[in-house]
Structures are given as C-alpha cells and as structure tokens.
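A.B. asks: I'm passing along target.cif; it holds mmCIF, C-alpha atoms.
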```cif
data_my_file
loop_
_atom_site.label_atom_id
_atom_site.label_comp_id
_atom_site.auth_asym_id
_atom_site.auth_seq_id
_atom_site.Cartn_x
_atom_site.Cartn_y
_atom_site.Cartn_z
CA MET I 510 -2.69 -2.07 41.50
CA LYS I 511 -2.72 0.96 39.20
CA ALA I 512 -2.18 0.20 35.54
CA THR I 513 0.86 1.84 33.99
CA LEU I 514 0.69 0.77 30.35
CA HIS I 515 -0.61 3.28 27.79
CA ARG I 516 -3.27 2.00 25.37
CA ARG I 517 -1.93 3.67 22.23
CA GLU I 518 1.59 2.38 22.84
CA VAL I 519 0.28 -1.12 23.58
CA VAL I 520 -1.84 -1.31 20.43
CA LYS I 521 0.95 0.16 18.31
CA LYS I 522 3.34 -2.43 19.69
CA ILE I 523 1.07 -5.44 19.09
CA LEU I 524 0.29 -4.26 15.54
CA GLU I 525 3.87 -3.24 14.76
CA LYS I 526 4.70 -6.24 12.58
CA ARG I 527 1.16 -7.19 11.65
CA GLY I 528 2.04 -8.65 8.24
CA ASP I 529 -1.12 -10.16 6.75
CA LEU I 530 -2.95 -10.28 10.09
CA LEU I 531 -6.72 -9.69 9.91
CA VAL I 532 -7.86 -7.24 12.60
CA VAL I 533 -11.31 -6.51 14.03
CA ALA I 534 -11.74 -3.73 16.60
CA GLY I 535 -14.55 -3.13 19.07
CA LEU I 536 -16.46 0.13 18.95
CA GLY I 537 -15.05 3.26 20.54
CA SER I 538 -11.56 3.55 21.90
CA THR I 539 -10.10 0.38 20.41
CA SER I 540 -11.26 1.41 16.92
CA TRP I 541 -9.43 4.70 17.45
CA ASP I 542 -6.39 2.84 18.83
CA ILE I 543 -5.95 0.57 15.79
CA THR I 544 -6.39 3.59 13.52
CA ALA I 545 -3.76 5.56 15.43
CA ALA I 546 -1.42 2.59 14.92
CA GLY I 547 -1.96 2.93 11.15
CA ASP I 548 -5.21 2.47 9.23
CA CYS I 549 -5.17 -0.61 7.00
CA ASP I 550 -7.57 -2.24 4.53
CA LEU I 551 -7.29 -5.47 6.50
CA SER I 552 -8.67 -3.79 9.62
CA PHE I 553 -12.39 -3.75 10.38
CA PRO I 554 -12.98 -1.10 13.04
CA THR I 555 -16.58 -1.11 14.29
CA TRP I 556 -18.64 1.94 15.21
CA GLY I 557 -21.53 0.02 16.74
CA ALA I 558 -22.88 -3.52 17.33
CA MET I 559 -21.47 -3.40 20.84
CA GLY I 560 -20.62 -6.87 22.10
CA GLN I 561 -20.03 -8.42 18.68
CA ALA I 562 -16.32 -7.81 18.00
CA ALA I 563 -15.21 -11.24 19.24
CA MET I 564 -17.95 -12.95 17.22
CA ILE I 565 -16.96 -11.07 14.05
CA GLY I 566 -13.49 -12.44 14.76
CA LEU I 567 -14.84 -15.98 15.10
CA GLY I 568 -16.75 -15.75 11.81
CA LEU I 569 -13.66 -14.44 10.08
CA ALA I 570 -11.40 -17.07 11.64
CA ALA I 571 -13.80 -19.82 10.53
CA ALA I 572 -13.99 -18.45 6.99
CA GLN I 573 -10.22 -17.97 6.73
CA PRO I 574 -8.62 -20.83 8.67
CA ARG I 575 -5.19 -20.23 7.09
CA ARG I 576 -4.98 -16.60 8.23
CA ARG I 577 -4.36 -15.27 11.73
CA VAL I 578 -7.17 -13.16 13.14
CA LEU I 579 -6.92 -10.62 15.97
CA VAL I 580 -9.79 -8.98 17.80
CA VAL I 581 -8.83 -5.85 19.75
CA THR I 582 -11.63 -4.62 21.95
CA GLY I 583 -12.41 -2.85 25.20
CA ASP I 584 -13.49 -4.27 28.54
CA GLY I 585 -16.98 -2.75 28.29
CA GLU I 586 -17.49 -4.16 24.80
CA MET I 587 -16.25 -7.60 25.88
CA LEU I 588 -18.48 -7.63 28.96
CA MET I 589 -21.53 -6.96 26.79
CA GLY I 590 -20.78 -10.04 24.67
CA MET I 591 -19.25 -12.33 27.26
CA GLY I 592 -21.20 -15.30 25.90
CA ALA I 593 -18.95 -15.07 22.83
CA LEU I 594 -16.07 -16.31 24.96
CA ALA I 595 -18.04 -19.49 25.64
CA THR I 596 -18.93 -19.89 21.97
CA ILE I 597 -15.30 -19.38 20.92
CA GLY I 598 -14.14 -21.77 23.62
CA VAL I 599 -16.40 -24.47 22.19
CA GLN I 600 -15.33 -23.79 18.58
CA GLN I 601 -11.57 -23.70 19.35
CA PRO I 602 -10.45 -21.56 16.39
CA ALA I 603 -6.68 -22.16 16.29
CA ASN I 604 -6.08 -18.91 14.40
CA LEU I 605 -7.96 -16.46 16.67
CA THR I 606 -6.69 -14.20 19.45
CA VAL I 607 -8.84 -11.79 21.44
CA VAL I 608 -7.03 -8.90 23.13
CA VAL I 609 -8.97 -6.73 25.56
CA ILE I 610 -7.49 -3.30 26.17
CA ASP I 611 -8.76 -3.07 29.74
CA ASN I 612 -8.88 0.43 31.25
CA GLU I 613 -11.71 -0.64 33.59
CA ARG I 614 -13.81 2.22 32.21
CA TYR I 615 -16.53 3.03 29.68
CA GLY I 616 -14.27 5.49 27.89
CA GLU I 617 -16.76 6.98 25.43
CA THR I 618 -19.51 7.76 27.91
CA GLY I 619 -17.78 9.54 30.78
CA MET I 620 -15.24 7.04 32.13
CA GLN I 621 -17.69 5.19 34.36
CA PRO I 622 -16.16 2.06 35.93
CA THR I 623 -16.88 -1.29 34.24
CA HIS I 624 -17.17 -4.56 36.14
CA THR I 625 -13.45 -5.19 35.62
CA ALA I 626 -12.83 -2.21 37.96
CA HIS I 627 -14.63 -4.25 40.61
CA GLY I 628 -12.58 -7.39 40.16
CA VAL I 629 -14.26 -9.24 37.30
CA ASP I 630 -11.39 -11.13 35.69
CA LEU I 631 -11.93 -11.51 31.92
CA ALA I 632 -8.79 -13.62 31.44
CA ALA I 633 -10.09 -16.08 34.03
CA VAL I 634 -13.44 -16.18 32.24
CA ALA I 635 -11.70 -16.89 28.92
CA LYS I 636 -9.60 -19.60 30.56
CA ALA I 637 -12.70 -21.20 32.07
CA CYS I 638 -14.35 -21.11 28.63
CA GLY I 639 -11.55 -23.19 27.13
CA PHE I 640 -9.18 -20.67 25.56
CA LYS I 641 -5.79 -22.35 25.10
CA ASP I 642 -3.89 -19.44 26.59
CA ALA I 643 -5.57 -16.68 28.58
CA ARG I 644 -3.62 -14.16 30.59
CA GLU I 645 -3.67 -10.76 32.20
CA VAL I 646 -0.84 -8.46 31.11
CA ARG I 647 0.43 -5.47 33.11
CA LYS I 648 4.06 -5.00 32.02
CA GLN I 649 5.72 -3.75 28.86
CA SER I 650 8.03 -6.77 28.97
CA GLU I 651 5.02 -9.09 28.61
CA LEU I 652 3.84 -7.57 25.31
CA GLU I 653 6.26 -9.66 23.27
CA SER I 654 4.46 -12.78 24.47
CA VAL I 655 1.16 -11.27 23.31
CA THR I 656 2.64 -10.81 19.83
CA GLU I 657 3.71 -14.46 19.91
CA MET I 658 0.17 -15.42 20.92
CA ILE I 659 -1.30 -13.44 18.02
CA HIS I 660 1.01 -14.72 15.28
CA VAL I 661 2.32 -18.11 16.33
CA SER I 662 0.79 -20.11 19.14
CA GLN I 663 -2.26 -22.26 18.65
CA GLY I 664 -5.47 -20.50 19.65
CA PRO I 665 -7.93 -19.53 20.73
CA ASN I 666 -5.86 -17.13 22.82
CA PHE I 667 -6.86 -14.27 25.07
CA ALA I 668 -5.07 -11.38 26.75
CA ALA I 669 -6.53 -8.70 28.99
CA ILE I 670 -3.99 -5.90 28.89
CA LYS I 671 -4.46 -3.53 31.80
CA VAL I 672 -3.95 0.09 30.70
CA SER I 673 -4.25 3.47 32.42
CA ASP I 674 -7.57 5.32 32.17
CA GLU I 675 -6.26 8.18 30.01
CA LYS I 676 -8.15 9.55 27.01
CA PRO I 677 -5.80 10.05 24.08
CA PRO I 678 -6.84 12.26 21.14
CA LEU I 679 -9.42 10.80 18.74
CA VAL I 680 -7.99 9.21 15.60
CA LEU I 681 -10.99 8.16 13.58
CA PRO I 682 -11.17 5.47 10.89
CA PRO I 683 -13.55 5.84 7.92
CA HIS I 684 -17.10 5.63 9.26
CA ASP I 685 -18.87 4.42 6.11
CA GLY I 686 -19.72 0.81 6.93
CA VAL I 687 -19.98 -0.25 3.28
CA LEU I 688 -16.52 1.18 2.58
CA LEU I 689 -15.02 -0.60 5.61
CA LYS I 690 -16.58 -3.89 4.57
CA GLU I 691 -15.72 -3.66 0.90
CA ARG I 692 -12.13 -2.50 1.32
CA PHE I 693 -11.53 -5.39 3.71
CA ARG I 694 -13.05 -7.98 1.36
CA ARG I 695 -11.17 -6.68 -1.68
CA ALA I 696 -7.87 -6.63 0.18
CA LEU I 697 -8.45 -10.17 1.46
CA LEU I 698 -10.32 -11.85 -1.39
CA GLY I 699 -9.22 -9.92 -4.47
CA SER I 700 -11.41 -10.41 -7.52
CA SER I 701 -13.38 -13.22 -5.86
CA ALA I 702 -14.80 -10.60 -3.47
CA ASP I 703 -17.37 -9.77 -6.12
CA VAL I 704 -18.40 -13.19 -7.39
CA LEU I 705 -18.83 -16.38 -5.43
CA ALA I 706 -19.73 -19.77 -6.85
CA GLU I 707 -23.41 -20.60 -6.48
CA LYS I 708 -22.73 -24.34 -6.60
CA ARG I 709 -20.11 -26.07 -4.54
CA MET O 1368 -39.83 -32.91 4.60
CA TRP O 1369 -39.14 -29.18 4.58
CA PRO O 1370 -35.92 -29.38 6.66
CA ASP O 1371 -34.38 -31.72 4.08
CA GLU O 1372 -35.43 -29.43 1.24
CA VAL O 1373 -34.05 -26.39 3.05
CA HIS O 1374 -30.77 -28.15 3.74
CA ARG O 1375 -30.47 -28.93 0.01
CA GLU O 1376 -31.06 -25.26 -0.84
CA LEU O 1377 -28.44 -24.12 1.66
CA ALA O 1378 -25.94 -26.66 0.32
CA ALA O 1379 -26.62 -25.66 -3.30
CA GLY O 1380 -26.26 -22.00 -2.30
CA GLY O 1381 -22.80 -22.55 -0.89
CA VAL O 1382 -23.62 -21.93 2.76
CA ARG O 1383 -20.65 -22.96 4.90
CA LEU O 1384 -21.43 -21.64 8.37
CA VAL O 1385 -24.64 -22.31 10.26
CA GLY O 1386 -25.12 -20.27 13.43
CA TYR O 1387 -27.98 -21.44 15.60
CA VAL O 1388 -29.78 -21.14 18.88
CA PRO O 1389 -31.75 -24.37 19.13
CA ASP O 1390 -35.47 -24.55 18.60
CA ALA O 1391 -37.61 -27.68 18.50
CA GLY O 1392 -38.81 -26.64 15.05
CA HIS O 1393 -35.22 -26.50 13.77
CA LYS O 1394 -34.15 -29.83 15.30
CA ARG O 1395 -34.03 -31.77 12.01
CA LEU O 1396 -32.41 -28.96 9.99
CA ILE O 1397 -29.71 -28.47 12.64
CA GLU O 1398 -28.95 -32.20 12.57
CA LEU O 1399 -28.72 -32.18 8.76
CA CYS O 1400 -26.30 -29.24 8.85
CA GLN O 1401 -24.21 -30.88 11.58
CA ALA O 1402 -23.97 -34.05 9.49
CA ASP O 1403 -22.91 -32.16 6.33
CA PRO O 1404 -19.10 -32.17 6.03
CA ALA O 1405 -19.18 -28.98 3.93
CA MET O 1406 -21.00 -27.06 6.67
CA ARG O 1407 -19.96 -26.03 10.14
CA ALA O 1408 -22.78 -25.70 12.66
CA ILE O 1409 -21.98 -23.25 15.45
CA ALA O 1410 -24.12 -23.17 18.59
CA LEU O 1411 -24.56 -19.66 20.00
CA THR O 1412 -25.34 -18.48 23.52
CA THR O 1413 -27.64 -15.77 22.14
CA GLU O 1414 -28.95 -14.91 18.68
CA GLU O 1415 -27.01 -11.63 18.72
CA GLU O 1416 -23.80 -13.62 18.35
CA GLY O 1417 -25.11 -14.90 15.04
CA ILE O 1418 -25.03 -11.43 13.52
CA GLY O 1419 -21.37 -10.98 14.46
CA LEU O 1420 -20.66 -14.47 13.13
CA ALA O 1421 -22.40 -13.80 9.81
CA ALA O 1422 -20.63 -10.45 9.39
CA GLY O 1423 -17.22 -11.95 10.12
CA ALA O 1424 -17.90 -14.88 7.82
CA TRP O 1425 -18.77 -12.52 4.96
CA LEU O 1426 -15.67 -10.42 5.57
CA GLY O 1427 -13.78 -13.68 5.11
CA GLY O 1428 -15.72 -14.69 1.98
CA ALA O 1429 -18.03 -17.33 3.48
CA ARG O 1430 -21.79 -17.57 3.23
CA SER O 1431 -23.78 -18.33 6.36
CA VAL O 1432 -27.28 -18.84 7.68
CA LEU O 1433 -28.77 -18.20 11.13
CA LEU O 1434 -31.39 -20.47 12.63
CA MET O 1435 -33.47 -19.30 15.57
CA GLN O 1436 -36.97 -19.07 16.97
CA SER O 1437 -39.00 -15.90 16.90
CA SER O 1438 -38.20 -14.91 20.50
CA GLY O 1439 -34.56 -14.66 19.42
CA VAL O 1440 -35.39 -11.91 16.95
CA GLY O 1441 -35.96 -9.68 19.97
CA ASN O 1442 -32.33 -10.19 20.94
CA LEU O 1443 -31.06 -8.87 17.60
CA VAL O 1444 -32.43 -5.37 17.38
CA ASN O 1445 -29.40 -3.16 17.98
CA VAL O 1446 -26.88 -5.33 16.15
CA LEU O 1447 -29.07 -5.40 13.03
CA GLY O 1448 -27.96 -1.77 12.74
CA MET O 1449 -24.53 -3.04 11.67
CA VAL O 1450 -26.11 -5.22 8.97
CA LYS O 1451 -27.95 -2.21 7.61
CA VAL O 1452 -25.15 0.36 7.78
CA CYS O 1453 -22.56 -2.01 6.27
CA ARG O 1454 -25.00 -3.74 3.89
CA PHE O 1455 -23.94 -7.15 5.12
CA PRO O 1456 -25.75 -10.03 3.45
CA LEU O 1457 -27.90 -11.86 6.01
CA LEU O 1458 -30.02 -14.99 5.76
CA MET O 1459 -32.14 -15.95 8.75
CA ILE O 1460 -34.59 -18.83 9.11
CA VAL O 1461 -36.94 -18.21 12.00
CA THR O 1462 -39.41 -20.70 13.44
CA MET O 1463 -42.45 -18.92 14.83
CA ARG O 1464 -43.79 -19.12 18.34
CA GLY O 1465 -46.74 -17.30 19.80
CA GLU O 1466 -49.04 -18.08 16.87
CA PRO O 1467 -52.22 -20.18 16.89
CA GLY O 1468 -51.35 -23.45 18.60
CA GLU O 1469 -48.96 -21.83 21.08
CA PHE O 1470 -49.07 -23.39 24.54
CA ASN O 1471 -46.90 -20.81 26.33
CA PRO O 1472 -48.46 -17.36 26.71
CA TRP O 1473 -45.04 -15.81 27.43
CA GLN O 1474 -44.09 -16.53 23.82
CA VAL O 1475 -46.98 -14.54 22.41
CA PRO O 1476 -45.79 -10.89 22.66
CA MET O 1477 -42.51 -11.46 20.81
CA GLY O 1478 -44.18 -13.78 18.32
CA GLU O 1479 -46.69 -11.07 17.50
CA ALA O 1480 -43.94 -8.48 17.10
CA THR O 1481 -41.39 -10.57 15.17
CA ALA O 1482 -42.21 -9.51 11.61
CA ARG O 1483 -42.61 -5.85 12.59
CA VAL O 1484 -39.31 -5.80 14.50
CA LEU O 1485 -37.44 -7.25 11.52
CA ASP O 1486 -39.13 -4.86 9.13
CA THR O 1487 -38.34 -1.90 11.39
CA MET O 1488 -34.64 -2.80 11.35
CA GLY O 1489 -34.53 -3.22 7.58
CA VAL O 1490 -34.75 -7.00 7.26
CA ALA O 1491 -37.04 -8.24 4.48
CA VAL O 1492 -39.59 -10.73 5.79
CA ARG O 1493 -40.87 -13.77 3.89
CA GLN O 1494 -43.71 -15.67 5.54
CA ALA O 1495 -43.75 -19.40 4.87
CA GLY O 1496 -47.20 -20.49 5.95
CA GLU O 1497 -47.13 -24.00 4.46
CA ALA O 1498 -44.47 -26.70 4.68
CA GLN O 1499 -44.23 -27.02 0.89
CA THR O 1500 -43.36 -23.33 0.44
CA VAL O 1501 -40.48 -23.11 2.92
CA ALA O 1502 -37.69 -24.23 0.60
CA ALA O 1503 -38.77 -21.86 -2.20
CA HIS O 1504 -38.74 -18.95 0.23
CA VAL O 1505 -35.26 -19.94 1.45
CA ARG O 1506 -33.98 -20.19 -2.12
CA ALA O 1507 -35.29 -16.73 -2.96
CA ALA O 1508 -33.98 -15.21 0.28
CA LEU O 1509 -30.54 -16.74 -0.22
CA ARG O 1510 -30.32 -15.30 -3.73
CA ILE O 1511 -31.23 -11.81 -2.61
CA ALA O 1512 -28.95 -11.98 0.42
CA TYR O 1513 -25.85 -13.07 -1.46
CA GLN O 1514 -26.36 -11.63 -4.92
CA ALA O 1515 -27.79 -8.26 -3.83
CA GLN O 1516 -26.34 -7.87 -0.30
CA GLY O 1517 -29.79 -8.07 1.22
CA ALA O 1518 -30.93 -8.84 4.75
CA GLU O 1519 -33.59 -11.55 4.57
CA ALA O 1520 -35.63 -13.53 7.07
CA VAL O 1521 -37.85 -16.51 6.30
CA LEU O 1522 -40.46 -16.95 9.02
CA ILE O 1523 -41.83 -20.49 9.29
CA ALA O 1524 -45.36 -20.46 10.66
CA GLN O 1525 -46.02 -22.34 13.86
CA GLN O 1526 -48.63 -24.46 12.07
CA VAL O 1527 -45.80 -25.82 9.88
CA ILE O 1528 -43.89 -26.89 12.99
CA GLY O 1529 -47.05 -28.22 14.59
CA ILE O 1530 -45.95 -28.57 18.20
CA LYS O 1531 -48.77 -27.70 20.55
CA SER O 1532 -47.78 -28.79 24.06
CA PHE O 1533 -44.82 -29.14 26.38
CA GLN O 1534 -45.49 -32.89 26.38
CA GLU O 1535 -45.13 -33.18 22.62
CA GLN O 1536 -42.02 -31.00 22.65
CA SER O 1537 -40.33 -33.02 25.36
CA ASN O 1538 -41.17 -36.23 23.51
CA GLN O 1539 -39.33 -35.10 20.35
#
```
Please lay out the structure from this file as structure tokens.
C.D. replies:
Amino acid sequence: MKATLHRREVVKKILEKRGDLLVVAGLGSTSWDITAAGDCDLSFPTWGAMGQAAMIGLGLAAAQPRRRVLVVTGDGEMLMGMGALATIGVQQPANLTVVVIDNERYGETGMQPTHTAHGVDLAAVAKACGFKDAREVRKQSELESVTEMIHVSQGPNFAAIKVSDEKPPLVLPPHDGVLLKERFRRALLGSSADVLAEKR
Amino acid sequence: MWPDEVHRELAAGGVRLVGYVPDAGHKRLIELCQADPAMRAIALTTEEEGIGLAAGAWLGGARSVLLMQSSGVGNLVNVLGMVKVCRFPLLMIVTMRGEPGEFNPWQVPMGEATARVLDTMGVAVRQAGEAQTVAAHVRAALRIAYQAQGAEAVLIAQQVIGIKSFQEQSNQ
C-alpha cells in the first residue's frame, strides 16, 4: 500500500497548536520537518546521536512530569534505537509520545529502504513493549487522533505515520549544539537554568 | 562501604535520575538508588540509551548519573559526540573488567581500551584504585559535570570490586 501523506504537512499539522509542548527531533529529515513547521526554543532538533531521540524524550519526560513531551523521529533513527521502546515501555512515562515519520527510507543517505519497507512494524513493536496506545497512521483524517495522543491521552503513546518517500527542500535549524541546548533550557527553566541547588 | 558513600554523594549532589546497565560491581549502589525515594533508577537495554537519557534529563533541569561496566563504554562512542558538541554535563561511574583478577578473557580488550576510548571522545577519566577513594572521585566528578558542564567518568578498579570467578559472581 503506497503511502499518500506528505511528511511536511503531517509534521506541520501535529505541531500546529503545540502550546507549551516540548519537542525532540531525530537527526536528518525530522529535524528539518520540525524546523519547516516553525523553529521554536522548546524544540531540540538533533544533528547526530542516531538512535537516541526517544531516550532524550524519556529523560525530558522524567525530568518534567507536568509537561507533555513529543519525540518526532524517522524510521531509520527509531530502528537504530529500538531498545528504547522497551525501556520506555517499562518506565511508562504518562506524558511522552513518540511519533515516527515513516517513509521506509534512509532519506539522508540515498533513500535506501529501511526494515520498515520490508514489513517491520514499529507500532506493533511499541505495543508489545507496553506503550498505552500504539498505532499506524495512513490517512489525513487520523491525524487529529495523533494530536489527541500528544496533548491529552495518558502515555506512553506511539504513532508510526506512513508518508511518501519524497525529499522536500532542506529547512535547517541552528546547528550549534550548545545554542540548541541552552535556548531550550532557558525557555523551559528560566533563571533556574543557570543555577541548581547543590543540596536537596 | 564505597557504594553507600557514593550514594550519599549522589544524593547530596541532587542526582534524580540513575540510568544503569547492571554490573555485579554496581549491585549495592543500584539497590541503594532504587530504595531512595528522591531518585529514579532506570534500567537500560544498552549503555547508549543512558546518554540520551542524561541529555534529556538535563534539558529538563534534572541531574543524572550513569552506572555501567567497562564493556559498556564501547557502546557509547558515537553518541558521546552529542555530549561534546552540546557540552552536556555527564557523570558516569564505571566498574572495570579485564584488569588483574579478571576470569573472562573476552572482557580484556575493552577493559584495556576503556580509559583511552573515553579520553578520545572527550570524557575526563578519574581512576579510583582503592575503595576509600571512590566517593571523593565521584564528588569531584559531579561538581565538574554540573558546575562546569563537564563530561566525567569515574573508573572503579576491578580490585575494588574483587570478584574473581563466575562462581563468586553467581553466588552474590
């Protein structure tokens, strides 16, 4: 079944009313996607550390249990860190959603097929790991339920959104890692970003 | 005992998240962290996950520590690039394998390379060769990590752990 959704439209839609949502993006295409949707201090797009986007999301969700956290990553990135789905399943962060923008390709390296092109079902893996809600999404009409998952329903939640294997123009976020880290912490933590109590 | 002293240092330093891949040498410290209501111990499928966890925790304002054995350091190499390029604070406590007293020759190559691998990727290495020095090294590493955004690893020598055979390990 050929995917008909377009990645940029999907990501724009799910970030449309992001409010105070905290967003982590996997390296490559999904970092460009969240930037195309509108760069934001409360976004942490990665340029490396392939396989770690979901775990960055877990650390953030554990540190900020009152905030909603969204990880947007690609199928190749998720496959490299698939153990994270098991770790998240065990931890059960109620405020975390992982969305895989699944084009079944390694988009940055020549569009080679990933395992999802050969039938590996990431939503089924997430479900088996104990995610509360884990689904595959193929239709525009289903995106509203993904937004609900991100902002409202108890997590951990997972959606693999099947998208066409197009390559939209690059829209790059800042690439200075220190800047990305510090702008995120200042936007989230304010003045306490600089000083933390030594004693509890 | 050093695990109790280290746990006190981590508690005093405000560490809230403890990522770990189990090691016999960390058994007591993991149990102390699990029993501490102010800490959350998170079991990982691979040490790499601990770097993502620590980065995310810091983005959210929480201090963390990673516990692993030396073989796990080999799993970290690429993702330590993120720690360096973003200057994420990082505190690792690594129990050594492959040193004198090792019973498994397959542990030796990574044990021999552990300090060099960390150094190569920009992680400062502190070698705790005696049980009574471990806590002081952890205190110093924690300060540098969280007051100066440093990446720090405390390596606990195998002679401190003192396990020499499969039999002893399985009897723990």
A.B. asks: Let me know the residues the PyMOL selection byres ((chain O) within 8 of (chain I)) catches in the file above, as a PyMOL selection string.
C.D. replies: chain O and resi 1378-1381+1409-1413+1415-1429+1445-1449+1452-1454
A.B. asks: What does the structure give for the distance between atom CA of Asp548 of chain I and atom CA of Thr513 of chain I, in Å to one decimal?
C.D. replies: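 Answer for the atom CA of Asp548 of chain I to atom CA of Thr513 of chain I separation: 25.5 Å.
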A.B. asks: Work out how far atom CA of Ala1515 of chain O is from atom CA of Pro1404 of chain O, in Å to one decimal.
C.D. replies: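 Those two atoms sit 27.3 Å apart.
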A.B. asks: Go through the shown structure with the PyMOL selection byres ((chain O and resi 1473-1484) around 8) and write out the matching residues as a short mmCIF file (atom, residue, chain, number, x, y, z; two decimals) with C-alpha atoms, in the frame of the given file.
C.D. replies:
```cif
data_model
loop_
_atom_site.label_atom_id
_atom_site.label_comp_id
_atom_site.auth_asym_id
_atom_site.auth_seq_id
_atom_site.Cartn_x
_atom_site.Cartn_y
_atom_site.Cartn_z
CA SER O 1437 -39.00 -15.90 16.90
CA SER O 1438 -38.20 -14.91 20.50
CA VAL O 1440 -35.39 -11.91 16.95
CA GLY O 1441 -35.96 -9.68 19.97
CA VAL O 1444 -32.43 -5.37 17.38
CA MET O 1463 -42.45 -18.92 14.83
CA ARG O 1464 -43.79 -19.12 18.34
CA GLY O 1465 -46.74 -17.30 19.80
CA GLU O 1466 -49.04 -18.08 16.87
CA GLU O 1469 -48.96 -21.83 21.08
CA ASN O 1471 -46.90 -20.81 26.33
CA PRO O 1472 -48.46 -17.36 26.71
CA LEU O 1485 -37.44 -7.25 11.52
CA ASP O 1486 -39.13 -4.86 9.13
CA THR O 1487 -38.34 -1.90 11.39
CA MET O 1488 -34.64 -2.80 11.35
CA VAL O 1492 -39.59 -10.73 5.79
#
```
A.B. asks: May I have the protein, DNA and RNA residues with any atom at most 6 Å from the point (-4.9, -11.9, 25.5), counting all atoms listed in the file, written as an MDAnalysis selection string?
C.D. replies: chainID I and resid 607:608 643:644 666:669
A.B. asks: Measuring atom to atom with only C-alpha atoms, identify which of O:Asp1371, O:Glu1376, O:Asp1403, O:Glu1414 is nearest to Pro1389 of chain O.
C.D. replies: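 Looking at the shortest contact to Pro1389 of chain O, the residue is O:Glu1414.
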A.B. asks: Could you pull the residues within 9 Å of His1504 of chain O, counting only C-alpha atoms, minus those fewer than 6 positions along the same chain, as a PyMOL selection string?
C.D. replies: chain O and resi 1493-1495+1521
A.B. asks: Where does the PyMOL selection byres ((chain I and resi 629) around 12) land in this file, that is, which residues does it pick, as a PDB file with C-alpha atoms, in the coordinates of the input?
C.D. replies:
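The new file selection.pdb reads:
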```
ATOM      1  CA  ASP I 584     -13.490  -4.270  28.540  1.00  0.00           C
ATOM      2  CA  GLY I 585     -16.980  -2.750  28.290  1.00  0.00           C
ATOM      3  CA  MET I 587     -16.250  -7.600  25.880  1.00  0.00           C
ATOM      4  CA  LEU I 588     -18.480  -7.630  28.960  1.00  0.00           C
ATOM      5  CA  MET I 591     -19.250 -12.330  27.260  1.00  0.00           C
ATOM      6  CA  ASP I 611      -8.760  -3.070  29.740  1.00  0.00           C
ATOM      7  CA  GLU I 613     -11.710  -0.640  33.590  1.00  0.00           C
ATOM      8  CA  PRO I 622     -16.160   2.060  35.930  1.00  0.00           C
ATOM      9  CA  THR I 623     -16.880  -1.290  34.240  1.00  0.00           C
ATOM     10  CA  HIS I 624     -17.170  -4.560  36.140  1.00  0.00           C
ATOM     11  CA  THR I 625     -13.450  -5.190  35.620  1.00  0.00           C
ATOM     12  CA  ALA I 626     -12.830  -2.210  37.960  1.00  0.00           C
ATOM     13  CA  HIS I 627     -14.630  -4.250  40.610  1.00  0.00           C
ATOM     14  CA  GLY I 628     -12.580  -7.390  40.160  1.00  0.00           C
ATOM     15  CA  ASP I 630     -11.390 -11.130  35.690  1.00  0.00           C
ATOM     16  CA  LEU I 631     -11.930 -11.510  31.920  1.00  0.00           C
ATOM     17  CA  ALA I 632      -8.790 -13.620  31.440  1.00  0.00           C
ATOM     18  CA  ALA I 633     -10.090 -16.080  34.030  1.00  0.00           C
ATOM     19  CA  VAL I 634     -13.440 -16.180  32.240  1.00  0.00           C
ATOM     20  CA  ALA I 635     -11.700 -16.890  28.920  1.00  0.00           C
ATOM     21  CA  GLU I 645      -3.670 -10.760  32.200  1.00  0.00           C
ATOM     22  CA  ALA I 669      -6.530  -8.700  28.990  1.00  0.00           C
TER      23      ALA I 669
END
```
A.B. asks: So the first atom is atom CA of Arg577 of chain I and the second is atom CA of Thr606 of chain I; what is the distance between them in Å, to one decimal place?
C.D. replies: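 Value for the atom CA of Arg577 of chain I-atom CA of Thr606 of chain I distance: 8.1 Å.
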A.B. asks: Taking 6 positions as the minimum chain separation for residues in the same chain, which residues sit within 6 Å of Ala534 of chain I when counting all atoms listed in the file? Answer as a list in words.
C.D. replies: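 Near neighbours after the sequence-gap exclusion: Ser540, Pro554, Thr555, Val580, Val581 and Thr582 of chain I.
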A.B. asks: Quick one: everything within 10 Å of Ala1512 of chain O, counting all atoms listed in the file, minus sequence neighbours fewer than 2 positions away in the same chain. Send it as a list in words.
C.D. replies: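 Using all atoms listed in the file, the neighbours found are Arg1430, Arg1454, Phe1455, Pro1456, Leu1457, Leu1458, Met1459, Ala1491, Arg1506, Ala1507, Ala1508, Leu1509, Arg1510, Gln1514, Ala1515, Gln1516, Gly1517, Ala1518, Glu1519 and Ala1520 of chain O.
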A.B. asks: O:Leu1522, O:Ala1502, O:Ala1402, O:Val1527: which is nearest Leu1434 of chain O, counting only C-alpha atoms?
C.D. replies: O:Leu1522
A.B. asks: Here is a test: counting all atoms listed in the file, which residue of O:Val1432, O:Val1461, O:Val1490, O:Ala1408 is nearest to Ala1391 of chain O?
C.D. replies: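 That would be O:Val1461, the residue with the smallest distance to Ala1391 of chain O.
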